[in-house]
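Just coords-v1.pdb here, PDB, C-alpha atoms:
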MODEL        1
ATOM      1  CA  MET A   1     219.449   9.867-121.447
ATOM      2  CA  LYS A   2     216.740  11.456-119.354
ATOM      3  CA  THR A   3     216.964  11.415-115.595
ATOM      4  CA  THR A   4     214.897   8.827-113.763
ATOM      5  CA  VAL A   5     215.066   8.275-110.012
ATOM      6  CA  ILE A   6     213.937   5.158-108.146
ATOM      7  CA  ILE A   7     211.146   5.559-105.577
ATOM      8  CA  LYS A   8     212.234   3.854-102.369
ATOM      9  CA  LYS A   9     210.362   5.478 -99.478
ATOM     10  CA  ASN A  10     207.225   3.856 -98.152
ATOM     11  CA  ARG A  11     205.482   7.229 -97.786
ATOM     12  CA  ASP A  12     205.912   7.844-101.528
ATOM     13  CA  PHE A  13     204.338   4.469-102.320
ATOM     14  CA  THR A  14     201.485   5.165 -99.893
ATOM     15  CA  ARG A  15     200.851   8.580-101.438
ATOM     16  CA  MET A  16     200.774   7.048-104.896
ATOM     17  CA  TYR A  17     198.283   4.370-103.896
ATOM     18  CA  ARG A  18     195.946   6.994-102.435
ATOM     19  CA  ARG A  19     196.172   9.764-105.029
ATOM     20  CA  ALA A  20     197.453   8.373-108.308
ATOM     21  CA  LYS A  21     195.495   7.400-111.379
ATOM     22  CA  THR A  22     195.696   3.708-112.164
ATOM     23  CA  LYS A  23     195.467   1.477-115.197
ATOM     24  CA  THR A  24     195.257  -2.300-115.000
ATOM     25  CA  GLY A  25     196.219  -4.930-117.542
ATOM     26  CA  PRO A  26     196.991  -8.658-117.614
ATOM     27  CA  LEU A  27     200.770  -8.088-117.320
ATOM     28  CA  LEU A  28     201.053  -4.911-115.322
ATOM     29  CA  VAL A  29     199.272  -2.460-113.042
ATOM     30  CA  THR A  30     200.475   1.119-113.446
ATOM     31  CA  TYR A  31     200.006   3.973-110.982
ATOM     32  CA  CYS A  32     200.764   7.465-112.283
ATOM     33  CA  ALA A  33     200.836  10.901-110.629
ATOM     34  CA  ARG A  34     202.411  14.238-111.480
ATOM     35  CA  ASN A  35     205.379  15.363-109.450
ATOM     36  CA  ARG A  36     206.942  18.796-109.224
ATOM     37  CA  LEU A  37     210.483  17.619-109.758
ATOM     38  CA  GLY A  38     210.855  17.947-113.525
ATOM     39  CA  HIS A  39     212.030  14.343-113.905
ATOM     40  CA  ASN A  40     210.403  10.939-113.675
ATOM     41  CA  ARG A  41     210.560   8.611-110.697
ATOM     42  CA  ILE A  42     209.716   4.918-110.900
ATOM     43  CA  GLY A  43     209.088   2.165-108.408
ATOM     44  CA  SER A  44     207.886  -1.409-108.537
ATOM     45  CA  LYS A  45     206.196  -3.646-106.006
ATOM     46  CA  ARG A  46     207.147  -7.181-105.160
ATOM     47  CA  VAL A  47     205.221 -10.268-106.146
ATOM     48  CA  GLY A  48     206.072 -13.946-105.838
ATOM     49  CA  ASP A  49     209.231 -15.573-104.569
ATOM     50  CA  ALA A  50     212.714 -14.107-105.071
ATOM     51  CA  VAL A  51     213.334 -15.658-108.495
ATOM     52  CA  ARG A  52     210.035 -14.448-109.987
ATOM     53  CA  ARG A  53     210.321 -11.074-108.270
ATOM     54  CA  ASN A  54     213.799 -10.400-109.668
ATOM     55  CA  ARG A  55     212.852 -11.591-113.153
ATOM     56  CA  ALA A  56     209.747  -9.365-113.162
ATOM     57  CA  LYS A  57     211.805  -6.419-111.916
ATOM     58  CA  ARG A  58     214.391  -6.901-114.677
ATOM     59  CA  VAL A  59     211.705  -7.140-117.365
ATOM     60  CA  ILE A  60     209.929  -4.005-116.078
ATOM     61  CA  ARG A  61     213.175  -2.007-115.872
ATOM     62  CA  ALA A  62     214.217  -3.058-119.379
ATOM     63  CA  ALA A  63     210.796  -2.120-120.765
ATOM     64  CA  TYR A  64     210.891   1.275-119.045
ATOM     65  CA  THR A  65     214.441   1.989-120.224
ATOM     66  CA  GLY A  66     213.387   1.312-123.798
ATOM     67  CA  LEU A  67     210.470   3.753-123.493
ATOM     68  CA  GLU A  68     212.182   6.421-121.415
ATOM     69  CA  GLN A  69     212.932   8.775-124.333
ATOM     70  CA  GLN A  70     209.262   8.751-125.439
ATOM     71  CA  LEU A  71     207.724   9.484-122.045
ATOM     72  CA  PRO A  72     206.712  12.891-120.713
ATOM     73  CA  GLN A  73     208.766  14.203-117.793
ATOM     74  CA  GLY A  74     207.521  15.152-114.330
ATOM     75  CA  TYR A  75     205.660  11.972-113.364
ATOM     76  CA  ASP A  76     205.892   9.287-110.711
ATOM     77  CA  PHE A  77     205.183   5.758-111.909
ATOM     78  CA  ILE A  78     204.715   2.602-109.863
ATOM     79  CA  PHE A  79     204.554  -0.681-111.739
ATOM     80  CA  VAL A  80     203.045  -3.700-110.020
ATOM     81  CA  ALA A  81     203.941  -6.948-111.741
ATOM     82  CA  ARG A  82     201.288  -9.573-112.252
ATOM     83  CA  SER A  83     202.074 -13.268-111.996
ATOM     84  CA  ARG A  84     202.387 -13.506-115.807
ATOM     85  CA  THR A  85     205.014 -10.739-115.959
ATOM     86  CA  ALA A  86     207.851 -12.979-114.793
ATOM     87  CA  HIS A  87     207.171 -15.410-117.641
ATOM     88  CA  CYS A  88     207.011 -12.811-120.436
ATOM     89  CA  LYS A  89     209.598 -11.299-122.695
ATOM     90  CA  MET A  90     210.218  -7.570-122.565
ATOM     91  CA  GLN A  91     208.270  -6.621-125.727
ATOM     92  CA  PRO A  92     204.727  -7.425-124.507
ATOM     93  CA  VAL A  93     205.450  -5.710-121.191
ATOM     94  CA  GLN A  94     206.803  -2.675-123.026
ATOM     95  CA  GLN A  95     203.691  -2.460-125.219
ATOM     96  CA  ALA A  96     201.388  -2.746-122.207
ATOM     97  CA  MET A  97     203.444  -0.153-120.330
ATOM     98  CA  LEU A  98     203.313   2.318-123.222
ATOM     99  CA  GLN A  99     199.538   1.927-123.615
ATOM    100  CA  GLN A 100     198.936   2.398-119.902
ATOM    101  CA  ILE A 101     201.268   5.385-119.519
ATOM    102  CA  THR A 102     199.819   7.058-122.619
ATOM    103  CA  ALA A 103     196.299   6.664-121.260
ATOM    104  CA  LEU A 104     197.275   7.928-117.801
ATOM    105  CA  THR A 105     199.277  10.957-118.933
ATOM    106  CA  ALA A 106     196.875  12.125-121.650
ATOM    107  CA  ALA A 107     195.344  15.530-121.013
ATOM    108  CA  PRO A 108     191.741  15.293-119.761
ATOM    109  CA  SER A 109     190.476  17.378-122.688
ATOM    110  CA  ALA A 110     192.196  15.065-125.190
ATOM    111  CA  VAL A 111     190.598  12.050-123.547
ATOM    112  CA  ARG A 112     187.135  13.663-123.692
ATOM    113  CA  GLU A 113     187.583  14.635-127.348
ATOM    114  CA  ALA A 114     188.734  11.117-128.277
ATOM    115  CA  GLY A 115     185.691   9.638-126.546
ATOM    116  CA  GLN A 116     183.266  11.883-128.494
ATOM    117  CA  THR A 117     184.594  10.918-131.895
TER     118      THR A 117
ENDMDL
END
Here is the file; what I need is its structure written in the form of structure tokens.
Amino acid sequence: MKTTVIIKKNRDFTRMYRRAKTKTGPLLVTYCARNRLGHNRIGSKRVGDAVRRNRAKRVIRAAYTGLEQQLPQGYDFIFVARSRTAHCKMQPVQQAMLQQITALTAAPSAVREAGQT
């Protein structure tokens, strides 16, 4: 299993909100930035009351754990749950997460080439 660390410090969240690339979807908002650590770090922001917040956090963690082996290393990710996230199963969240992370971590030249085709 690859190493993933949880982002807990407010300054790390603030840095991500200012500098990271973002992708938005109906279930999830993903912030992504390179780090120099050689492993991934993840964090999630709170939405709703305690029951919805914990359910959304569990669904996001399960989706990330399922994708962890496929993801490139050396990135910070912050996942912000939308109100629909707490009511979804893991599979749709995992699909949305994979699409967003793939788009955010793609090399700029690959994105330009795909757009010209």
Exercise. Can you pull out every residue within 10 Å of A:Val93, counting all atoms listed in the file, but drop anything in the same chain fewer than 3 positions away, and send it as a PyMOL selection string?
Key: chain A and resi 25-28+56+59-60+62-64+81+84-86+88-90+96-99
Let me have the centre and edge lengths in Å, one decimal, of the box along x, y and z around every listed atom of stretch 40-58 of chain A with 5 Å of margin on each side, as lines of an AutoDock Vina configuration file.
center_x = 209.8
center_y = -2.4
center_z = -109.6
size_x = 19.2
size_y = 36.6
size_z = 20.1
Next item on the list: Compile the contact shell of A:Lys8 as a ChimeraX atom specification: residues with an atom at most 10 Å away, counting all atoms listed in the file, same-chain residues fewer than 3 positions apart removed.
Entry: /A:5,11-13,41-44
Print the selection's residues with C-alpha atoms to a file, as a tab-separated table (two decimals), in the frame of the given file.
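Here's the written file result-v6.tsv:
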chain	number	residue	atom	x	y	z
A	5	VAL	CA	215.07	8.28	-110.01
A	11	ARG	CA	205.48	7.23	-97.79
A	12	ASP	CA	205.91	7.84	-101.53
A	13	PHE	CA	204.34	4.47	-102.32
A	41	ARG	CA	210.56	8.61	-110.70
A	42	ILE	CA	209.72	4.92	-110.90
A	43	GLY	CA	209.09	2.16	-108.41
A	44	SER	CA	207.89	-1.41	-108.54
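Rounded to one decimal, atom CA of A:Ile7 and atom CA of A:Asp76 lie 8.2 Å from each other.
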Exactly which residues make up the result of the PyMOL selection byres ((chain A and resi 77) around 10) on this file, given as number ranges by chain? A: 6-7, 13, 16, 20-22, 30-35, 40-44, 74-76, 78-80, 101
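Rounded to one decimal, atom CA of A:Thr102 and atom CA of A:Arg52 lie 27.0 Å from each other.
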Restricting to all atoms listed in the file, whichever of A:Lys23, A:Leu71, A:Val29, A:Ser83 is closest to A:Val47 is A:Ser83
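Distance-wise, atom CA of A:Gly66 and atom CA of A:Tyr17 end up 25.2 Å apart.
Using all atoms listed in the file, the nearest neighbour of A:Leu104 within the list A:Thr24, A:Thr65, A:Asn54, A:Gln70 is A:Thr24.
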